[in-house]
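Colleague: This is the structure I have questions about; it appears just below.
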Amino acid sequence: MSKKVLYTLEYPVRSSPGILYEFLRTPAGLQEWFADKVDERDSMFSFSWNGTTEKAELLESVEDSFVRFRWTYMAKNEYFEWRIEKSEVTNQTILVISDFAEKKDIKDQSQLWEYQVKDLFHRIGS
């Protein structure tokens, strides 16, 4: 079995950290771009796509800063995270995505994130 590695992607976004955070942390915001249906109960999120549901535990979140989840089927040390940063040079908001994948799958996973992020940016008007 191949070992999964952490990779990160960065996307400049025309949005305030507060608005972006709502789309990353709340079921209503996530349902706008990440999944067809999102429910939350006791820090456990259910994400549904085309009749398939996956569960992820909210590991940690800091308002206007980051949200970290772990799919229930992932290893304990693996997660996916959305971090909101500000460029010191341009003062632009940057969405940093961290995720785990096998090396051979990083390109495909990155393309999937690219598709998801385009939908997110469309929804927030960026």
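Each chain of the structure tokens is named A, B, ... in the order shown, its residues numbered from 1; ligands are numbered from 1 in display order.
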Write out as an MDAnalysis selection string which residues come within 8 Å of range 90-97 of chain A when counting only C-alpha atoms, dropping same-chain ones fewer than 5 positions away.
Modeller: chainID A and resid 8:17 80:85
Colleague: Enumerate, in order of chain and increasing residue number, the residues of range 51-123 of chain A with an atom no farther than 10 Å from range 28-42 of chain A, each with its shortest atom pair and distance in Å to one decimal, counting only C-alpha atoms, as JSON lines.
Modeller:
{"residue": "A:Gly51", "atom": "CA", "partner": "A:Asp36", "partner_atom": "CA", "distance": 8.9}
{"residue": "A:Thr52", "atom": "CA", "partner": "A:Asp36", "partner_atom": "CA", "distance": 9.8}
{"residue": "A:Thr53", "atom": "CA", "partner": "A:Lys37", "partner_atom": "CA", "distance": 8.9}
{"residue": "A:Glu54", "atom": "CA", "partner": "A:Val38", "partner_atom": "CA", "distance": 9.9}
{"residue": "A:Lys55", "atom": "CA", "partner": "A:Asp39", "partner_atom": "CA", "distance": 9.5}
{"residue": "A:Ala56", "atom": "CA", "partner": "A:Glu40", "partner_atom": "CA", "distance": 9.5}
{"residue": "A:Glu57", "atom": "CA", "partner": "A:Asp42", "partner_atom": "CA", "distance": 8.9}
{"residue": "A:Leu58", "atom": "CA", "partner": "A:Asp42", "partner_atom": "CA", "distance": 9.0}
{"residue": "A:Trp113", "atom": "CA", "partner": "A:Phe34", "partner_atom": "CA", "distance": 9.6}
{"residue": "A:Tyr115", "atom": "CA", "partner": "A:Trp33", "partner_atom": "CA", "distance": 9.9}
{"residue": "A:Gln116", "atom": "CA", "partner": "A:Phe34", "partner_atom": "CA", "distance": 6.4}
{"residue": "A:Val117", "atom": "CA", "partner": "A:Trp33", "partner_atom": "CA", "distance": 8.0}
{"residue": "A:Lys118", "atom": "CA", "partner": "A:Trp33", "partner_atom": "CA", "distance": 8.9}
{"residue": "A:Asp119", "atom": "CA", "partner": "A:Trp33", "partner_atom": "CA", "distance": 5.6}
{"residue": "A:Leu120", "atom": "CA", "partner": "A:Trp33", "partner_atom": "CA", "distance": 5.1}
{"residue": "A:Phe121", "atom": "CA", "partner": "A:Trp33", "partner_atom": "CA", "distance": 8.8}
{"residue": "A:His122", "atom": "CA", "partner": "A:Trp33", "partner_atom": "CA", "distance": 8.8}
{"residue": "A:Arg123", "atom": "CA", "partner": "A:Glu32", "partner_atom": "CA", "distance": 7.0}
Colleague: What would the file look like if the residues just selected were written as a PDB file, in the first residue's frame with N, CA, C and O atoms?
Modeller:
ATOM      1  N   GLY A  51     -26.555  10.910  -4.209  1.00  0.00           N
ATOM      2  CA  GLY A  51     -27.064   9.788  -3.433  1.00  0.00           C
ATOM      3  C   GLY A  51     -26.037   9.068  -2.584  1.00  0.00           C
ATOM      4  O   GLY A  51     -26.370   8.164  -1.826  1.00  0.00           O
ATOM      5  N   THR A  52     -24.753   9.433  -2.680  1.00  0.00           N
ATOM      6  CA  THR A  52     -23.697   8.830  -1.872  1.00  0.00           C
ATOM      7  C   THR A  52     -23.346   9.788  -0.745  1.00  0.00           C
ATOM      8  O   THR A  52     -23.206  10.995  -0.974  1.00  0.00           O
ATOM      9  N   THR A  53     -23.202   9.267   0.469  1.00  0.00           N
ATOM     10  CA  THR A  53     -22.890  10.107   1.621  1.00  0.00           C
ATOM     11  C   THR A  53     -21.566   9.684   2.237  1.00  0.00           C
ATOM     12  O   THR A  53     -21.308   8.498   2.426  1.00  0.00           O
ATOM     13  N   GLU A  54     -20.733  10.677   2.526  1.00  0.00           N
ATOM     14  CA  GLU A  54     -19.466  10.464   3.237  1.00  0.00           C
ATOM     15  C   GLU A  54     -19.505  11.323   4.493  1.00  0.00           C
ATOM     16  O   GLU A  54     -20.033  12.430   4.475  1.00  0.00           O
ATOM     17  N   LYS A  55     -18.912  10.826   5.563  1.00  0.00           N
ATOM     18  CA  LYS A  55     -18.879  11.574   6.816  1.00  0.00           C
ATOM     19  C   LYS A  55     -17.456  12.063   7.100  1.00  0.00           C
ATOM     20  O   LYS A  55     -16.484  11.364   6.817  1.00  0.00           O
ATOM     21  N   ALA A  56     -17.407  13.277   7.654  1.00  0.00           N
ATOM     22  CA  ALA A  56     -16.127  13.865   8.038  1.00  0.00           C
ATOM     23  C   ALA A  56     -16.288  14.531   9.399  1.00  0.00           C
ATOM     24  O   ALA A  56     -17.300  15.181   9.660  1.00  0.00           O
ATOM     25  N   GLU A  57     -15.286  14.335  10.233  1.00  0.00           N
ATOM     26  CA  GLU A  57     -15.284  14.959  11.553  1.00  0.00           C
ATOM     27  C   GLU A  57     -14.605  16.321  11.459  1.00  0.00           C
ATOM     28  O   GLU A  57     -13.536  16.454  10.850  1.00  0.00           O
ATOM     29  N   LEU A  58     -15.242  17.325  12.038  1.00  0.00           N
ATOM     30  CA  LEU A  58     -14.615  18.634  12.136  1.00  0.00           C
ATOM     31  C   LEU A  58     -13.572  18.539  13.248  1.00  0.00           C
ATOM     32  O   LEU A  58     -13.916  18.379  14.418  1.00  0.00           O
ATOM     33  N   TRP A 113     -10.003  19.507  -6.931  1.00  0.00           N
ATOM     34  CA  TRP A 113     -10.056  20.716  -6.103  1.00  0.00           C
ATOM     35  C   TRP A 113     -10.233  21.954  -6.972  1.00  0.00           C
ATOM     36  O   TRP A 113     -10.975  22.870  -6.620  1.00  0.00           O
ATOM     37  N   TYR A 115     -11.751  22.261  -9.785  1.00  0.00           N
ATOM     38  CA  TYR A 115     -13.162  22.316 -10.186  1.00  0.00           C
ATOM     39  C   TYR A 115     -14.021  22.828  -9.025  1.00  0.00           C
ATOM     40  O   TYR A 115     -14.875  23.690  -9.203  1.00  0.00           O
ATOM     41  N   GLN A 116     -13.798  22.288  -7.836  1.00  0.00           N
ATOM     42  CA  GLN A 116     -14.572  22.690  -6.662  1.00  0.00           C
ATOM     43  C   GLN A 116     -14.358  24.172  -6.341  1.00  0.00           C
ATOM     44  O   GLN A 116     -15.297  24.893  -6.032  1.00  0.00           O
ATOM     45  N   VAL A 117     -13.105  24.612  -6.391  1.00  0.00           N
ATOM     46  CA  VAL A 117     -12.778  25.994  -6.058  1.00  0.00           C
ATOM     47  C   VAL A 117     -13.404  26.957  -7.072  1.00  0.00           C
ATOM     48  O   VAL A 117     -13.875  28.031  -6.694  1.00  0.00           O
ATOM     49  N   LYS A 118     -13.426  26.585  -8.343  1.00  0.00           N
ATOM     50  CA  LYS A 118     -14.072  27.432  -9.346  1.00  0.00           C
ATOM     51  C   LYS A 118     -15.540  27.619  -9.005  1.00  0.00           C
ATOM     52  O   LYS A 118     -16.083  28.721  -9.117  1.00  0.00           O
ATOM     53  N   ASP A 119     -16.198  26.558  -8.556  1.00  0.00           N
ATOM     54  CA  ASP A 119     -17.607  26.651  -8.159  1.00  0.00           C
ATOM     55  C   ASP A 119     -17.740  27.554  -6.921  1.00  0.00           C
ATOM     56  O   ASP A 119     -18.631  28.395  -6.854  1.00  0.00           O
ATOM     57  N   LEU A 120     -16.839  27.405  -5.960  1.00  0.00           N
ATOM     58  CA  LEU A 120     -16.851  28.249  -4.760  1.00  0.00           C
ATOM     59  C   LEU A 120     -16.714  29.717  -5.148  1.00  0.00           C
ATOM     60  O   LEU A 120     -17.486  30.559  -4.701  1.00  0.00           O
ATOM     61  N   PHE A 121     -15.736  30.029  -5.988  1.00  0.00           N
ATOM     62  CA  PHE A 121     -15.490  31.410  -6.378  1.00  0.00           C
ATOM     63  C   PHE A 121     -16.683  31.977  -7.147  1.00  0.00           C
ATOM     64  O   PHE A 121     -17.015  33.156  -6.994  1.00  0.00           O
ATOM     65  N   HIS A 122     -17.325  31.169  -7.953  1.00  0.00           N
ATOM     66  CA  HIS A 122     -18.522  31.603  -8.663  1.00  0.00           C
ATOM     67  C   HIS A 122     -19.618  31.960  -7.660  1.00  0.00           C
ATOM     68  O   HIS A 122     -20.301  32.981  -7.800  1.00  0.00           O
ATOM     69  N   ARG A 123     -19.796  31.129  -6.649  1.00  0.00           N
ATOM     70  CA  ARG A 123     -20.845  31.343  -5.648  1.00  0.00           C
ATOM     71  C   ARG A 123     -20.612  32.598  -4.811  1.00  0.00           C
ATOM     72  O   ARG A 123     -21.563  33.257  -4.404  1.00  0.00           O
TER      73      ARG A 123
END
Colleague: Enumerate, as a ChimeraX atom specification, the complete set of residues in range 47-124 of chain A that a backbone-based DSSP assignment places in helix (DSSP H, G or I).
Modeller: /A:103-124
Colleague: For those residues, write N, CA, C and O atoms to a file as a tab-separated table (two decimals), in the first residue's frame.
Modeller:
chain	number	residue	atom	x	y	z
A	103	LYS	N	1.00	9.76	-4.13
A	103	LYS	CA	1.73	10.60	-5.07
A	103	LYS	C	1.17	10.51	-6.48
A	103	LYS	O	1.02	11.51	-7.17
A	104	LYS	N	0.82	9.31	-6.90
A	104	LYS	CA	0.32	9.12	-8.26
A	104	LYS	C	-1.06	9.75	-8.47
A	104	LYS	O	-1.47	9.97	-9.61
A	105	ASP	N	-1.77	10.07	-7.39
A	105	ASP	CA	-3.12	10.63	-7.49
A	105	ASP	C	-3.19	12.14	-7.27
A	105	ASP	O	-4.25	12.74	-7.40
A	106	ILE	N	-2.07	12.77	-6.94
A	106	ILE	CA	-2.09	14.19	-6.60
A	106	ILE	C	-2.59	15.04	-7.77
A	106	ILE	O	-3.39	15.96	-7.57
A	107	LYS	N	-2.16	14.74	-8.99
A	107	LYS	CA	-2.61	15.53	-10.14
A	107	LYS	C	-4.12	15.46	-10.30
A	107	LYS	O	-4.79	16.49	-10.47
A	108	ASP	N	-4.69	14.25	-10.22
A	108	ASP	CA	-6.14	14.09	-10.35
A	108	ASP	C	-6.87	14.79	-9.20
A	108	ASP	O	-7.89	15.45	-9.41
A	109	GLN	N	-6.37	14.63	-7.99
A	109	GLN	CA	-7.00	15.27	-6.83
A	109	GLN	C	-6.93	16.79	-6.95
A	109	GLN	O	-7.88	17.49	-6.61
A	110	SER	N	-5.81	17.30	-7.45
A	110	SER	CA	-5.66	18.74	-7.64
A	110	SER	C	-6.67	19.26	-8.66
A	110	SER	O	-7.23	20.35	-8.48
A	111	GLN	N	-6.91	18.50	-9.72
A	111	GLN	CA	-7.89	18.91	-10.71
A	111	GLN	C	-9.30	18.91	-10.13
A	111	GLN	O	-10.11	19.80	-10.42
A	112	LEU	N	-9.59	17.96	-9.26
A	112	LEU	CA	-10.89	17.94	-8.59
A	112	LEU	C	-11.05	19.17	-7.70
A	112	LEU	O	-12.09	19.83	-7.71
A	113	TRP	N	-10.00	19.51	-6.93
A	113	TRP	CA	-10.06	20.72	-6.10
A	113	TRP	C	-10.23	21.95	-6.97
A	113	TRP	O	-10.97	22.87	-6.62
A	114	GLU	N	-9.53	22.00	-8.10
A	114	GLU	CA	-9.64	23.14	-9.02
A	114	GLU	C	-11.09	23.35	-9.45
A	114	GLU	O	-11.61	24.46	-9.45
A	115	TYR	N	-11.75	22.26	-9.78
A	115	TYR	CA	-13.16	22.32	-10.19
A	115	TYR	C	-14.02	22.83	-9.03
A	115	TYR	O	-14.88	23.69	-9.20
A	116	GLN	N	-13.80	22.29	-7.84
A	116	GLN	CA	-14.57	22.69	-6.66
A	116	GLN	C	-14.36	24.17	-6.34
A	116	GLN	O	-15.30	24.89	-6.03
A	117	VAL	N	-13.10	24.61	-6.39
A	117	VAL	CA	-12.78	25.99	-6.06
A	117	VAL	C	-13.40	26.96	-7.07
A	117	VAL	O	-13.88	28.03	-6.69
A	118	LYS	N	-13.43	26.58	-8.34
A	118	LYS	CA	-14.07	27.43	-9.35
A	118	LYS	C	-15.54	27.62	-9.00
A	118	LYS	O	-16.08	28.72	-9.12
A	119	ASP	N	-16.20	26.56	-8.56
A	119	ASP	CA	-17.61	26.65	-8.16
A	119	ASP	C	-17.74	27.55	-6.92
A	119	ASP	O	-18.63	28.40	-6.85
A	120	LEU	N	-16.84	27.40	-5.96
A	120	LEU	CA	-16.85	28.25	-4.76
A	120	LEU	C	-16.71	29.72	-5.15
A	120	LEU	O	-17.49	30.56	-4.70
A	121	PHE	N	-15.74	30.03	-5.99
A	121	PHE	CA	-15.49	31.41	-6.38
A	121	PHE	C	-16.68	31.98	-7.15
A	121	PHE	O	-17.01	33.16	-6.99
A	122	HIS	N	-17.32	31.17	-7.95
A	122	HIS	CA	-18.52	31.60	-8.66
A	122	HIS	C	-19.62	31.96	-7.66
A	122	HIS	O	-20.30	32.98	-7.80
A	123	ARG	N	-19.80	31.13	-6.65
A	123	ARG	CA	-20.85	31.34	-5.65
A	123	ARG	C	-20.61	32.60	-4.81
A	123	ARG	O	-21.56	33.26	-4.40
A	124	ILE	N	-19.34	32.91	-4.52
A	124	ILE	CA	-19.07	34.09	-3.69
A	124	ILE	C	-18.83	35.34	-4.54
A	124	ILE	O	-18.58	36.41	-4.01
Colleague: Rank nothing, just name the residue among A:Asn77, A:Ser65, A:Trp71, A:Glu88 nearest to Ile19 in chain A, using only C-alpha atoms.
Modeller: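 That would be A:Ser65, the residue with the smallest distance to Ile19 in chain A.
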Colleague: Can you tell me, as a list in words, what residues are no more than 9 Å from Glu63 in chain A when counting only C-alpha atoms, ignoring any on the same chain fewer than 5 positions away?
Modeller: Pro17, Gly18, Tyr21, Glu22 and Arg25 of chain A
Colleague: Can you write just those residues out, C-alpha atoms, as a CSV table (one decimal), in the first residue's frame?
Modeller:
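This is the output file selection-v3.csv:
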chain,number,residue,atom,x,y,z
A,17,PRO,CA,-12.0,36.2,5.1
A,18,GLY,CA,-15.4,36.4,7.0
A,21,TYR,CA,-15.1,31.3,6.2
A,22,GLU,CA,-18.9,31.0,6.1
A,25,ARG,CA,-17.5,26.1,7.8
Colleague: If you measure from CA of Leu24 in chain A to CA of Val5 in chain A, what distance in Å do you get, rounded to one decimal?
Modeller: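 Calculated distance between CA of Leu24 in chain A and CA of Val5 in chain A is 22.8 Å.
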Colleague: Can you measure CA of Lys3 in chain A to CA of Glu102 in chain A for me? One decimal in Å is fine.
Modeller: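 Pair CA of Lys3 in chain A / CA of Glu102 in chain A returns 6.1 Å.
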Colleague: Can you check which residues of chain A DSSP gives as strand (DSSP E or B) on the backbone and send them as an MDAnalysis selection string?
Modeller: chainID A and resid 4:13 37:41 44:49 52:62 66:71 80:86 93:102
Colleague: Identify which of the residues A:Tyr7, A:Tyr79, A:Phe23, A:Phe100 lies closest to Glu60 in chain A, counting only C-alpha atoms when measuring atom-to-atom distances.
Modeller: A:Tyr79
